[in-house]
file query_17.txt (compact mmCIF, C-alpha atoms)
# COMPACT_ATOMS: atom_id res chain seq x y z
CA MET A 183 -41.18 -65.48 25.18
CA ASP A 184 -40.55 -63.77 21.84
CA GLN A 185 -41.83 -60.27 21.30
CA ILE A 186 -44.72 -61.10 19.01
CA SER A 187 -45.98 -63.87 21.31
CA ALA A 188 -45.72 -61.37 24.17
CA GLY A 189 -48.24 -59.22 22.31
CA LEU A 190 -45.88 -56.36 21.59
CA ASN A 191 -46.29 -53.93 18.73
CA ILE A 192 -42.95 -53.24 17.13
CA THR A 193 -41.84 -50.25 15.08
CA ILE A 194 -38.65 -50.56 13.09
CA PHE A 195 -36.88 -47.56 11.61
CA PHE A 196 -33.97 -48.54 9.44
CA CYS A 197 -31.32 -47.15 7.14
CA ARG A 198 -32.17 -47.95 3.51
CA GLN A 199 -28.48 -48.29 2.70
CA LEU A 200 -28.47 -51.58 4.61
CA ASP A 201 -30.50 -53.44 2.02
CA ILE A 202 -31.11 -52.26 -1.52
CA ASN A 203 -34.07 -54.68 -1.77
CA GLN A 204 -35.61 -53.51 1.51
CA ASP A 205 -38.94 -52.76 -0.11
CA LYS A 206 -39.37 -56.36 -1.23
CA ASN A 207 -37.63 -57.97 1.72
CA ARG A 208 -39.88 -56.49 4.41
CA ARG A 209 -43.14 -57.29 2.61
CA ALA A 210 -43.38 -60.89 3.86
CA ILE A 211 -43.24 -59.86 7.51
CA GLU A 212 -45.64 -57.00 6.93
CA LYS A 213 -48.07 -59.40 5.28
CA GLU A 214 -47.70 -61.97 8.03
CA LEU A 215 -47.95 -59.65 11.04
CA GLY A 216 -49.97 -56.75 9.68
CA PRO A 217 -49.93 -53.62 11.84
CA ARG A 218 -48.12 -55.40 14.69
CA VAL A 219 -44.87 -54.56 12.91
CA ARG A 220 -44.35 -51.28 11.15
CA PHE A 221 -41.29 -50.46 9.05
CA PHE A 222 -40.04 -46.97 8.32
CA PRO A 223 -37.15 -46.80 5.83
CA LEU A 224 -34.87 -43.80 6.24
CA PRO A 225 -32.37 -42.46 3.70
CA CYS A 226 -29.81 -42.67 6.53
CA SER A 227 -30.24 -43.46 10.23
CA GLY A 228 -29.06 -39.88 10.86
CA ARG A 229 -32.43 -38.72 9.54
CA ILE A 230 -34.12 -40.01 12.68
CA GLU A 231 -35.52 -37.37 15.03
CA PRO A 232 -36.52 -37.92 18.66
CA LEU A 233 -40.00 -36.82 17.55
CA HIS A 234 -40.27 -39.83 15.21
CA LEU A 235 -39.53 -42.12 18.12
CA LEU A 236 -42.05 -40.48 20.46
CA ARG A 237 -44.72 -40.47 17.79
CA ALA A 238 -44.17 -44.20 17.34
CA PHE A 239 -45.08 -44.79 20.99
CA GLU A 240 -48.01 -42.42 20.75
CA SER A 241 -49.22 -44.44 17.76
CA GLY A 242 -49.19 -47.67 19.73
CA ALA A 243 -45.67 -49.09 19.58
CA ASP A 244 -44.39 -51.00 22.59
CA MET A 245 -40.84 -51.34 21.34
CA VAL A 246 -38.99 -49.22 18.78
CA TYR A 247 -35.84 -50.29 16.95
CA LEU A 248 -33.56 -48.17 14.85
CA ILE A 249 -31.32 -50.29 12.65
CA ALA A 250 -28.21 -48.45 11.49
CA CYS A 251 -25.02 -49.25 9.63
CA PRO A 252 -21.96 -50.32 11.63
CA GLU A 253 -20.13 -47.42 13.29
CA GLY A 254 -17.51 -46.12 10.89
CA ALA A 255 -19.43 -47.38 7.85
CA CYS A 256 -22.09 -44.68 7.40
CA ARG A 257 -22.39 -43.59 3.78
CA TYR A 258 -22.85 -40.04 5.04
CA ARG A 259 -19.94 -40.39 7.48
CA GLU A 260 -21.61 -39.66 10.79
CA GLY A 261 -25.33 -40.32 10.37
CA ASN A 262 -25.32 -43.38 12.62
CA LEU A 263 -23.32 -41.51 15.28
CA ARG A 264 -25.93 -38.76 15.30
CA ALA A 265 -28.65 -41.39 15.42
CA LYS A 266 -27.06 -42.85 18.53
CA LYS A 267 -27.21 -39.49 20.34
CA ARG A 268 -30.80 -38.90 19.27
CA VAL A 269 -31.82 -42.32 20.52
CA GLN A 270 -30.20 -41.51 23.86
CA TYR A 271 -32.07 -38.19 23.99
CA ALA A 272 -35.39 -39.85 23.17
CA GLN A 273 -34.74 -42.49 25.83
CA LYS A 274 -34.43 -39.72 28.43
CA LEU A 275 -37.67 -38.15 27.20
CA ILE A 276 -39.69 -41.35 27.52
CA GLU A 277 -38.14 -42.06 30.92
CA GLU A 278 -39.51 -38.68 32.05
CA ILE A 279 -43.03 -39.97 31.48
CA GLY A 280 -42.33 -43.32 33.12
CA LEU A 281 -41.61 -45.54 30.10
CA GLU A 282 -38.45 -47.63 30.17
CA GLY A 283 -35.61 -46.21 28.07
CA ALA A 284 -34.94 -49.77 26.91
CA ARG A 285 -38.07 -49.53 24.77
CA ILE A 286 -35.93 -47.73 22.20
CA GLU A 287 -32.96 -49.69 20.93
CA LEU A 288 -30.33 -48.78 18.39
CA ILE A 289 -29.05 -51.79 16.48
CA ASN A 290 -25.81 -51.32 14.58
CA LYS A 291 -25.66 -53.99 11.92
CA THR A 292 -22.75 -56.38 12.25
CA ALA A 293 -21.10 -58.64 9.70
CA ALA A 294 -22.74 -61.62 11.41
CA MET A 295 -26.23 -60.28 10.71
CA PRO A 296 -28.06 -60.98 7.45
CA ALA A 297 -28.06 -58.36 4.68
CA ASN A 298 -31.82 -58.73 4.26
CA ILE A 299 -33.86 -56.26 6.35
CA GLY A 300 -36.68 -58.77 6.66
CA ALA A 301 -34.30 -61.37 8.06
CA ILE A 302 -32.79 -58.85 10.50
CA ALA A 303 -36.29 -57.93 11.65
CA LYS A 304 -37.14 -61.61 12.17
CA GLU A 305 -34.08 -61.99 14.39
CA LEU A 306 -35.15 -58.97 16.43
CA LEU A 307 -38.73 -60.18 16.79
CA ALA A 308 -37.50 -63.58 17.94
CA ARG A 309 -35.63 -62.03 20.85
CA ASP A 310 -37.04 -62.42 24.36
CA ALA A 311 -39.39 -59.58 25.21
CA LYS A 312 -37.60 -57.28 27.66
CA VAL A 313 -40.64 -55.07 28.22
CA SER A 314 -44.37 -55.58 28.50
CA THR A 315 -47.16 -53.76 26.67
CA SER A 316 -46.66 -50.00 26.91
CA ALA A 317 -48.76 -48.14 29.44
CA VAL A 318 -49.54 -45.60 26.71
CA ARG A 319 -51.28 -48.27 24.67
CA SER A 320 -52.83 -50.35 27.40
CA LYS A 321 -54.72 -47.61 29.29
CA MET B 120 -30.20 -14.77 19.97
CA ILE B 121 -32.06 -15.45 23.21
CA THR B 122 -31.39 -18.95 24.49
CA ALA B 123 -33.57 -21.11 26.69
CA GLU B 124 -33.86 -24.62 28.05
CA ARG B 125 -36.95 -26.69 28.64
CA LYS B 126 -38.20 -26.93 32.21
CA PRO B 127 -38.43 -30.39 33.81
CA LEU B 128 -41.65 -32.13 32.76
CA ALA B 129 -42.77 -32.39 36.40
CA GLU B 130 -42.71 -28.60 36.77
CA ILE B 131 -44.65 -28.12 33.54
CA LYS B 132 -47.20 -30.74 34.60
CA ALA B 133 -47.70 -29.03 37.97
CA MET B 134 -48.50 -25.73 36.24
CA LEU B 135 -50.89 -27.45 33.82
CA ALA B 136 -52.64 -29.55 36.47
CA PRO B 137 -55.90 -27.55 36.57
CA TYR B 138 -56.33 -27.59 32.79
CA ARG B 139 -57.47 -30.12 30.23
CA LYS B 140 -57.30 -28.37 26.85
CA ILE B 141 -53.79 -27.15 26.20
CA LEU B 142 -52.52 -25.08 23.29
CA VAL B 143 -48.78 -25.76 23.03
CA VAL B 144 -47.23 -22.79 21.24
CA GLY B 145 -43.71 -22.67 19.85
CA CYS B 146 -41.67 -19.77 18.59
CA GLY B 147 -39.84 -20.10 15.29
CA THR B 148 -37.05 -17.62 15.98
CA CYS B 149 -34.43 -17.66 18.78
CA VAL B 150 -35.66 -20.65 20.77
CA ALA B 151 -36.04 -22.66 17.57
CA GLU B 152 -32.40 -21.96 16.75
CA CYS B 153 -31.33 -23.17 20.20
CA ALA B 154 -33.55 -26.27 19.86
CA SER B 155 -35.73 -25.56 22.87
CA GLY B 156 -38.93 -24.01 21.56
CA GLY B 157 -39.33 -24.56 17.83
CA GLU B 158 -41.77 -26.76 15.96
CA LYS B 159 -39.91 -29.99 16.76
CA GLU B 160 -39.72 -29.23 20.45
CA VAL B 161 -43.41 -28.33 20.50
CA GLY B 162 -44.12 -31.74 18.96
CA LEU B 163 -41.93 -33.53 21.51
CA LEU B 164 -43.46 -31.78 24.50
CA ALA B 165 -47.05 -32.14 23.32
CA SER B 166 -46.47 -35.81 22.56
CA ALA B 167 -44.90 -36.37 26.00
CA LEU B 168 -47.78 -34.58 27.72
CA ARG B 169 -50.40 -36.62 25.85
CA MET B 170 -48.69 -39.92 26.60
CA ASP B 171 -48.09 -38.96 30.22
CA ALA B 172 -51.78 -38.14 30.68
CA GLN B 173 -52.74 -41.43 29.08
CA ILE B 174 -50.44 -43.36 31.40
CA GLU B 175 -51.94 -41.60 34.41
CA GLY B 176 -55.50 -42.13 33.18
CA ARG B 177 -56.17 -38.43 32.62
CA THR B 178 -57.78 -36.99 29.51
CA ILE B 179 -56.13 -33.99 27.94
CA GLU B 180 -56.05 -32.34 24.56
CA ALA B 181 -52.70 -30.90 23.55
CA HIS B 182 -52.78 -29.08 20.23
CA GLU B 183 -49.57 -27.85 18.60
CA MET B 184 -48.93 -24.49 16.96
CA THR B 185 -45.74 -22.65 16.16
CA ILE B 186 -45.65 -19.00 15.18
CA ASP B 187 -42.71 -17.12 13.71
CA ARG B 188 -42.25 -14.86 16.73
CA GLN B 189 -43.98 -14.79 20.08
CA CYS B 190 -42.71 -11.31 20.90
CA VAL B 191 -44.42 -9.44 18.04
CA TYR B 192 -48.17 -8.77 17.97
CA GLU B 193 -48.60 -9.40 14.23
CA PHE B 194 -47.40 -12.97 14.70
CA ILE B 195 -49.18 -13.57 18.02
CA ASP B 196 -52.43 -12.58 16.33
CA LYS B 197 -52.26 -15.86 14.39
CA LEU B 198 -53.29 -17.58 17.64
CA THR B 199 -56.42 -15.46 18.06
CA GLU B 200 -58.78 -17.81 16.29
CA ALA B 201 -57.60 -20.86 18.24
CA VAL B 202 -57.08 -19.52 21.75
CA GLY B 203 -60.77 -19.49 22.73
CA ARG B 204 -60.96 -23.27 22.38
CA TYR B 205 -58.29 -23.94 25.02
CA ASP B 206 -58.06 -23.69 28.82
CA VAL B 207 -54.40 -22.71 28.84
CA ILE B 208 -51.52 -21.71 26.57
CA LEU B 209 -48.25 -23.52 27.18
CA SER B 210 -45.64 -21.22 25.67
CA LEU B 211 -42.29 -22.43 24.42
CA GLY B 212 -41.21 -18.85 23.87
CA CYS B 213 -38.61 -16.91 25.82
CA GLY B 214 -39.72 -14.80 28.78
CA ALA B 215 -40.50 -11.90 26.45
CA GLY B 216 -42.65 -14.15 24.26
CA VAL B 217 -44.60 -15.59 27.19
CA GLN B 218 -45.36 -12.09 28.47
CA ALA B 219 -46.34 -10.76 25.06
CA VAL B 220 -48.74 -13.67 24.51
CA ALA B 221 -50.18 -13.20 28.02
CA GLU B 222 -50.79 -9.55 27.30
CA VAL B 223 -52.61 -10.23 24.04
CA PHE B 224 -54.82 -12.93 25.62
CA PRO B 225 -55.48 -11.73 29.19
CA LYS B 226 -58.41 -14.11 29.71
CA THR B 227 -56.39 -17.24 28.98
CA PRO B 228 -53.71 -18.40 31.43
CA VAL B 229 -50.25 -18.59 29.82
CA VAL B 230 -47.58 -20.76 31.40
CA PRO B 231 -43.92 -21.05 30.39
CA ALA B 232 -42.36 -24.33 29.32
CA LEU B 233 -38.85 -22.87 29.12
CA ASN B 234 -36.32 -21.22 31.37
CA THR B 235 -34.87 -18.28 29.45
CA THR B 236 -31.13 -18.30 30.01
CA PHE B 237 -28.96 -15.82 28.11
CA ILE B 238 -28.18 -13.86 24.95
CA GLY B 239 -25.77 -16.02 23.07
CA GLU B 240 -24.25 -17.31 19.90
CA THR B 241 -24.54 -20.69 18.19
CA LYS B 242 -20.92 -21.77 18.43
CA GLU B 243 -21.50 -25.09 16.67
CA SER B 244 -24.37 -27.56 16.32
CA GLY B 245 -25.67 -28.18 19.82
CA LEU B 246 -23.43 -25.61 21.53
CA TRP B 247 -24.59 -22.16 22.54
CA VAL B 248 -22.48 -19.72 24.53
CA GLU B 249 -23.34 -16.52 26.34
CA ASN B 250 -21.63 -13.49 24.89
CA CYS B 251 -23.79 -10.45 25.68
CA ARG B 252 -25.25 -9.19 28.96
CA ALA B 253 -27.30 -6.45 27.28
CA CYS B 254 -25.55 -3.91 29.51
CA GLY B 255 -26.78 -1.01 27.37
CA ASP B 256 -23.28 0.46 26.97
CA CYS B 257 -21.49 -1.63 24.34
CA LYS B 258 -17.71 -1.30 24.24
CA LEU B 259 -16.96 -4.12 21.81
CA GLY B 260 -15.29 -1.59 19.47
CA TYR B 261 -12.48 -1.14 21.99
CA PHE B 262 -12.16 -4.82 22.85
CA ALA B 263 -11.74 -6.42 19.42
CA GLY B 264 -15.30 -7.75 19.41
CA VAL B 265 -14.89 -9.73 22.65
CA CYS B 266 -17.06 -8.61 25.57
CA PRO B 267 -15.05 -8.65 28.80
CA VAL B 268 -18.19 -7.98 30.85
CA THR B 269 -19.74 -11.24 29.68
CA ARG B 270 -16.88 -13.47 28.64
CA CYS B 271 -14.36 -12.68 31.37
CA ALA B 272 -15.48 -14.57 34.48
CA LYS B 273 -14.33 -11.60 36.57
CA GLY B 274 -15.83 -8.99 34.23
CA LEU B 275 -12.50 -7.11 34.07
CA PHE B 276 -12.41 -3.95 31.97
CA ASN B 277 -8.72 -3.10 32.13
CA GLY B 278 -6.58 -6.06 31.28
CA PRO B 279 -6.30 -9.70 32.28
CA CYS B 280 -6.21 -11.00 35.84
CA GLY B 281 -3.08 -13.03 35.11
CA GLY B 282 -4.62 -16.32 36.13
CA SER B 283 -5.25 -17.86 32.72
CA LYS B 284 -3.41 -21.03 31.71
CA ASN B 285 -2.72 -21.91 28.09
CA GLY B 286 -5.31 -19.39 26.99
CA ALA B 287 -8.03 -20.86 29.23
CA CYS B 288 -9.88 -19.08 32.02
CA GLU B 289 -8.77 -20.06 35.54
CA VAL B 290 -12.38 -19.95 36.76
CA ASP B 291 -13.68 -22.20 33.97
CA PRO B 292 -10.93 -24.03 32.06
CA ASP B 293 -13.49 -24.88 29.35
CA SER B 294 -13.77 -21.20 28.42
CA PRO B 295 -11.09 -19.26 26.59
CA CYS B 296 -9.62 -16.30 28.51
CA ALA B 297 -11.49 -13.28 27.13
CA TRP B 298 -8.51 -11.03 27.69
CA GLN B 299 -6.14 -13.33 25.87
CA LEU B 300 -8.53 -13.19 22.90
CA ILE B 301 -8.74 -9.40 23.14
CA VAL B 302 -4.97 -8.95 23.24
CA GLU B 303 -4.34 -11.42 20.40
CA ARG B 304 -7.01 -9.92 18.15
CA LEU B 305 -5.99 -6.30 18.82
CA ASP B 306 -2.39 -7.29 18.05
CA SER B 307 -3.33 -8.98 14.79
CA ALA B 308 -5.48 -6.00 13.77
CA GLY B 309 -2.65 -3.58 14.55
CA ARG B 310 -4.69 -1.87 17.26
CA SER B 311 -2.82 -2.80 20.42
CA ASP B 312 -2.78 0.95 21.17
CA LEU B 313 -6.33 0.45 22.48
CA LEU B 314 -4.85 -1.54 25.35
CA GLU B 315 -3.21 1.63 26.68
CA ALA B 316 -6.55 3.31 27.41
CA ILE B 317 -8.08 3.16 30.88
CA TYR B 318 -11.76 2.34 30.84
CA PRO B 319 -13.96 3.53 33.72
CA PRO B 320 -16.27 1.03 35.43
CA ALA B 321 -19.34 0.07 33.41
CA ASP B 322 -22.38 2.26 33.89
CA TRP B 323 -24.85 -0.34 35.07
CA SER B 324 -27.59 2.26 35.43
CA LYS B 325 -28.11 1.77 31.69
CA GLN B 326 -29.09 -1.81 32.34
CA GLN B 327 -30.78 -1.93 35.73
CA GLY B 328 -32.29 0.05 38.57
CA LYS B 329 -34.90 1.90 36.53
CA GLY B 330 -37.46 -0.80 35.89
CA PRO B 331 -37.99 -2.29 32.44
CA ARG B 332 -36.01 -0.55 29.72
CA LYS B 333 -37.67 0.91 26.63
CA ILE B 334 -36.49 1.92 23.21
CA VAL B 335 -38.65 4.48 21.44
CA ARG B 336 -38.16 5.24 17.75
CA GLU B 337 -40.69 7.77 16.59
CA ASP B 338 -39.83 7.16 12.92
CA GLN B 339 -40.91 3.54 13.34
CA ARG B 340 -44.18 4.20 15.16
CA SER B 341 -47.62 4.40 13.65
CA GLU B 342 -49.78 7.48 14.02
CA SER B 343 -52.79 5.76 15.59

call {"tool": "encode", "arguments": {"input": "query_17.txt", "output": "structure tokens"}}
result
Amino acid sequence: MDQISAGLNITIFFCRQLDINQDKNRRAIEKELGPRVRFFPLPCSGRIEPLHLLRAFESGADMVYLIACPEGACRYREGNLRAKKRVQYAQKLIEEIGLEGARIELINKTAAMPANIGAIAKELLARDAKVSTSAVRSK
Amino acid sequence: MITAERKPLAEIKAMLAPYRKILVVGCGTCVAECASGGEKEVGLLASALRMDAQIEGRTIEAHEMTIDRQCVYEFIDKLTEAVGRYDVILSLGCGAGVQAVAEVFPKTPVVPALNTTFIGETKESGLWVENCRACGDCKLGYFAGVCPVTRCAKGLFNGPCGGSKNGACEVDPDSPCAWQLIVERLDSAGRSDLLEAIYPPADWSKQQGKGPRKIVREDQRSES
């Protein structure tokens, strides 16, 4: 079952460098799904902080994605490498409170993926749901 | 800088178990620099505590505040207005900060969220190393700015043990041999004559055995 059909709320942080038309390209999904999907553009994925990821869960997300540039292709050289470590740190933090670390996923864009952030998001949302509704939200 | 690390969440939760309204207080100085007790870490811990309570079906309030220093009254006083509304203060300060806050607010329980570890230096982003034991009898002037008491695993005062390999300590190969650094730096500064001196054992009575140490500076004290 895809993630939206499974009733999940999805938060997507992404590097703005991935899609210069990100503002326009994510509008359709935002219109269609409303608050079920929330997008947060970042100047670089290296701007992400573990606190952003925890706050997303506290605000009702069941699954959080961070979409970054391919490794070795960060405009700021190592932003996506830092992002990877911060995601790993945040995964440990949520595991401490009993949430699955897999609820946070770093996606490094590949050449096979579309250049449109909306299209990338659609691909992610169409994936099988690996987790159920978060215990933070459902209690 | 005083360094610290966050306690496991389970230990913090056990200390907070009797309380519902929690004031989570960070310190913007040393423990912020070592990424254990600054504003971001306060946010992370408070968020984790709130979500954890929600998952377990408990109701808590965890409010976040960070003051510039938890070890100085003038800064601690910024908590005065808020403290009365909470059952407990969860301090992300070092041991000195926790105790100073507890002294200012004796009616409110104060519990530590951190384990204070050592006096150290930020070597690079995300790496802190111990380099001072606060022995009270600093001899760095004779040792080219490298403390053999702290940075030599054997605490040797009069030359190397001879066990280092390629400049690394034989006890911990990840640490440079303090004595190799001392010899190299004294050589490059033209002060290898300092190596000829014999240094008596450290006087540890300046650090321990007399209860808590005090520094009194009359010129800094107020009259009242």

call {"tool": "atom_distance", "arguments": {"input": "query_17.txt", "atom1": "atom CA of B:Thr227", "atom2": "atom CA of B:Gly330"}}
result
26.0 Å

call {"tool": "residues_around", "arguments": {"input": "query_17.txt", "residues": "stretch 191-204 of chain B", "least_positions_apart": "3", "cutoff": "10 Å", "atoms": "all atoms listed in the file", "output": "PyMOL selection string"}}
result
chain B and resi 140-142+144+146+182+184-188+207-208+215-216+219-220+222-224+226-227

call {"tool": "interface_residues", "arguments": {"input": "query_17.txt", "of": "chain A", "to": "chain B", "cutoff": "7 Å", "atoms": "all atoms listed in the file", "output": "list in words"}}
result
Leu233, Leu236, Arg237, Glu240, Glu278, Ile279, Ala317, Val318 and Lys321 of chain A

call {"tool": "residues_around", "arguments": {"input": "query_17.txt", "residues": "stretch 235-245 of chain B", "least_positions_apart": "4", "cutoff": "9 Å", "atoms": "only C-alpha atoms", "output": "number ranges by chain"}}
result
B: 120-125, 152-154, 212-214, 249-253

call {"tool": "write_last_selection", "arguments": {"input": "query_17.txt", "atoms": "C-alpha atoms", "output": "PDB file, in the frame of the given file"}}
result
ATOM      1  CA  MET B 120     -30.200 -14.770  19.970  1.00  0.00           C
ATOM      2  CA  ILE B 121     -32.060 -15.450  23.210  1.00  0.00           C
ATOM      3  CA  THR B 122     -31.390 -18.950  24.490  1.00  0.00           C
ATOM      4  CA  ALA B 123     -33.570 -21.110  26.690  1.00  0.00           C
ATOM      5  CA  GLU B 124     -33.860 -24.620  28.050  1.00  0.00           C
ATOM      6  CA  ARG B 125     -36.950 -26.690  28.640  1.00  0.00           C
ATOM      7  CA  GLU B 152     -32.400 -21.960  16.750  1.00  0.00           C
ATOM      8  CA  CYS B 153     -31.330 -23.170  20.200  1.00  0.00           C
ATOM      9  CA  ALA B 154     -33.550 -26.270  19.860  1.00  0.00           C
ATOM     10  CA  GLY B 212     -41.210 -18.850  23.870  1.00  0.00           C
ATOM     11  CA  CYS B 213     -38.610 -16.910  25.820  1.00  0.00           C
ATOM     12  CA  GLY B 214     -39.720 -14.800  28.780  1.00  0.00           C
ATOM     13  CA  GLU B 249     -23.340 -16.520  26.340  1.00  0.00           C
ATOM     14  CA  ASN B 250     -21.630 -13.490  24.890  1.00  0.00           C
ATOM     15  CA  CYS B 251     -23.790 -10.450  25.680  1.00  0.00           C
ATOM     16  CA  ARG B 252     -25.250  -9.190  28.960  1.00  0.00           C
ATOM     17  CA  ALA B 253     -27.300  -6.450  27.280  1.00  0.00           C
TER      18      ALA B 253
END

call {"tool": "closest_residue", "arguments": {"input": "query_17.txt", "among": "A:Ala308, A:Leu281, A:Ile194, A:Ile289", "to": "A:His234", "atoms": "only C-alpha atoms"}}
result
A:Ile194

call {"tool": "residues_around", "arguments": {"input": "query_17.txt", "residues": "stretch 223-232 of chain A", "least_positions_apart": "4", "cutoff": "9 Å", "atoms": "all atoms listed in the file", "output": "ChimeraX atom specification"}}
result
/A:194-199,204-205,236-237,248-251,256-258,260-266,268-273,275 /B:159,163

call {"tool": "residues_around", "arguments": {"input": "query_17.txt", "residues": "A:Pro252", "least_positions_apart": "4", "cutoff": "7 Å", "atoms": "all atoms listed in the file", "output": "count of residues only"}}
result
3

call {"tool": "closest_residue", "arguments": {"input": "query_17.txt", "among": "B:Ile131, B:Ile317, B:Leu211, B:Cys288", "to": "B:Gly147", "atoms": "all atoms listed in the file"}}
result
B:Leu211

call {"tool": "closest_residue", "arguments": {"input": "query_17.txt", "among": "A:Ala301, A:Val219, A:Leu307, A:Val246", "to": "A:Ala284", "atoms": "all atoms listed in the file"}}
result
A:Val246

call {"tool": "atom_distance", "arguments": {"input": "query_17.txt", "atom1": "atom CA of A:Ile302", "atom2": "atom CA of A:Pro217"}}
result
18.0 Å

call {"tool": "atom_distance", "arguments": {"input": "query_17.txt", "atom1": "atom CA of B:Lys258", "atom2": "atom CA of B:Gln299"}}
result
16.8 Å

call {"tool": "closest_residue", "arguments": {"input": "query_17.txt", "among": "B:Glu130, B:Glu303, B:Glu342, B:Glu183", "to": "B:Val265", "atoms": "only C-alpha atoms"}}
result
B:Glu303

call {"tool": "residues_around", "arguments": {"input": "query_17.txt", "residues": "stretch 275-281 of chain B", "least_positions_apart": "3", "cutoff": "8 Å", "atoms": "all atoms listed in the file", "output": "number ranges by chain"}}
result
B: 267-268, 271, 298-299, 314, 317-320

call {"tool": "write_last_selection", "arguments": {"input": "query_17.txt", "atoms": "C-alpha atoms", "output": "tab-separated table (two decimals), in the frame of the given file"}}
result
chain	number	residue	atom	x	y	z
B	267	PRO	CA	-15.05	-8.65	28.80
B	268	VAL	CA	-18.19	-7.98	30.85
B	271	CYS	CA	-14.36	-12.68	31.37
B	298	TRP	CA	-8.51	-11.03	27.69
B	299	GLN	CA	-6.14	-13.33	25.87
B	314	LEU	CA	-4.85	-1.54	25.35
B	317	ILE	CA	-8.08	3.16	30.88
B	318	TYR	CA	-11.76	2.34	30.84
B	319	PRO	CA	-13.96	3.53	33.72
B	320	PRO	CA	-16.27	1.03	35.43

call {"tool": "decode", "arguments": {"input": "query_17.txt", "residues": "stretch 158-195 of chain B", "atoms": "C-alpha atoms", "output": "JSON list (two decimals), in the first residue's frame"}}
result
[["chain", "number", "residue", "atom", "x", "y", "z"],
["B", 158, "GLU", "CA", 19.83, 26.00, 22.69],
["B", 159, "LYS", "CA", 19.72, 23.30, 20.01],
["B", 160, "GLU", "CA", 20.32, 20.51, 22.47],
["B", 161, "VAL", "CA", 17.66, 21.92, 24.78],
["B", 162, "GLY", "CA", 15.24, 21.82, 21.85],
["B", 163, "LEU", "CA", 16.19, 18.23, 20.99],
["B", 164, "LEU", "CA", 15.84, 16.96, 24.54],
["B", 165, "ALA", "CA", 12.59, 18.79, 25.25],
["B", 166, "SER", "CA", 11.14, 17.55, 21.97],
["B", 167, "ALA", "CA", 12.22, 13.97, 22.74],
["B", 168, "LEU", "CA", 10.73, 14.16, 26.25],
["B", 169, "ARG", "CA", 7.41, 15.52, 24.95],
["B", 170, "MET", "CA", 7.13, 12.86, 22.26],
["B", 171, "ASP", "CA", 8.19, 10.11, 24.64],
["B", 172, "ALA", "CA", 5.49, 11.14, 27.12],
["B", 173, "GLN", "CA", 2.92, 11.21, 24.35],
["B", 174, "ILE", "CA", 3.88, 7.72, 23.21],
["B", 175, "GLU", "CA", 3.57, 6.44, 26.78],
["B", 176, "GLY", "CA", 0.26, 8.22, 27.33],
["B", 177, "ARG", "CA", 1.62, 10.61, 29.94],
["B", 178, "THR", "CA", 0.99, 14.33, 29.98],
["B", 179, "ILE", "CA", 3.96, 16.59, 30.52],
["B", 180, "GLU", "CA", 4.86, 20.18, 29.82],
["B", 181, "ALA", "CA", 8.45, 20.77, 28.78],
["B", 182, "HIS", "CA", 9.31, 24.41, 28.30],
["B", 183, "GLU", "CA", 12.67, 25.46, 26.85],
["B", 184, "MET", "CA", 14.96, 28.23, 28.05],
["B", 185, "THR", "CA", 18.64, 28.87, 27.49],
["B", 186, "ILE", "CA", 20.62, 31.37, 29.51],
["B", 187, "ASP", "CA", 24.10, 32.65, 28.72],
["B", 188, "ARG", "CA", 25.72, 31.05, 31.76],
["B", 189, "GLN", "CA", 24.33, 28.76, 34.41],
["B", 190, "CYS", "CA", 27.25, 29.35, 36.76],
["B", 191, "VAL", "CA", 26.75, 33.10, 37.29],
["B", 192, "TYR", "CA", 23.91, 34.52, 39.40],
["B", 193, "GLU", "CA", 23.18, 37.48, 37.12],
["B", 194, "PHE", "CA", 22.32, 35.08, 34.31],
["B", 195, "ILE", "CA", 20.53, 32.51, 36.49]]
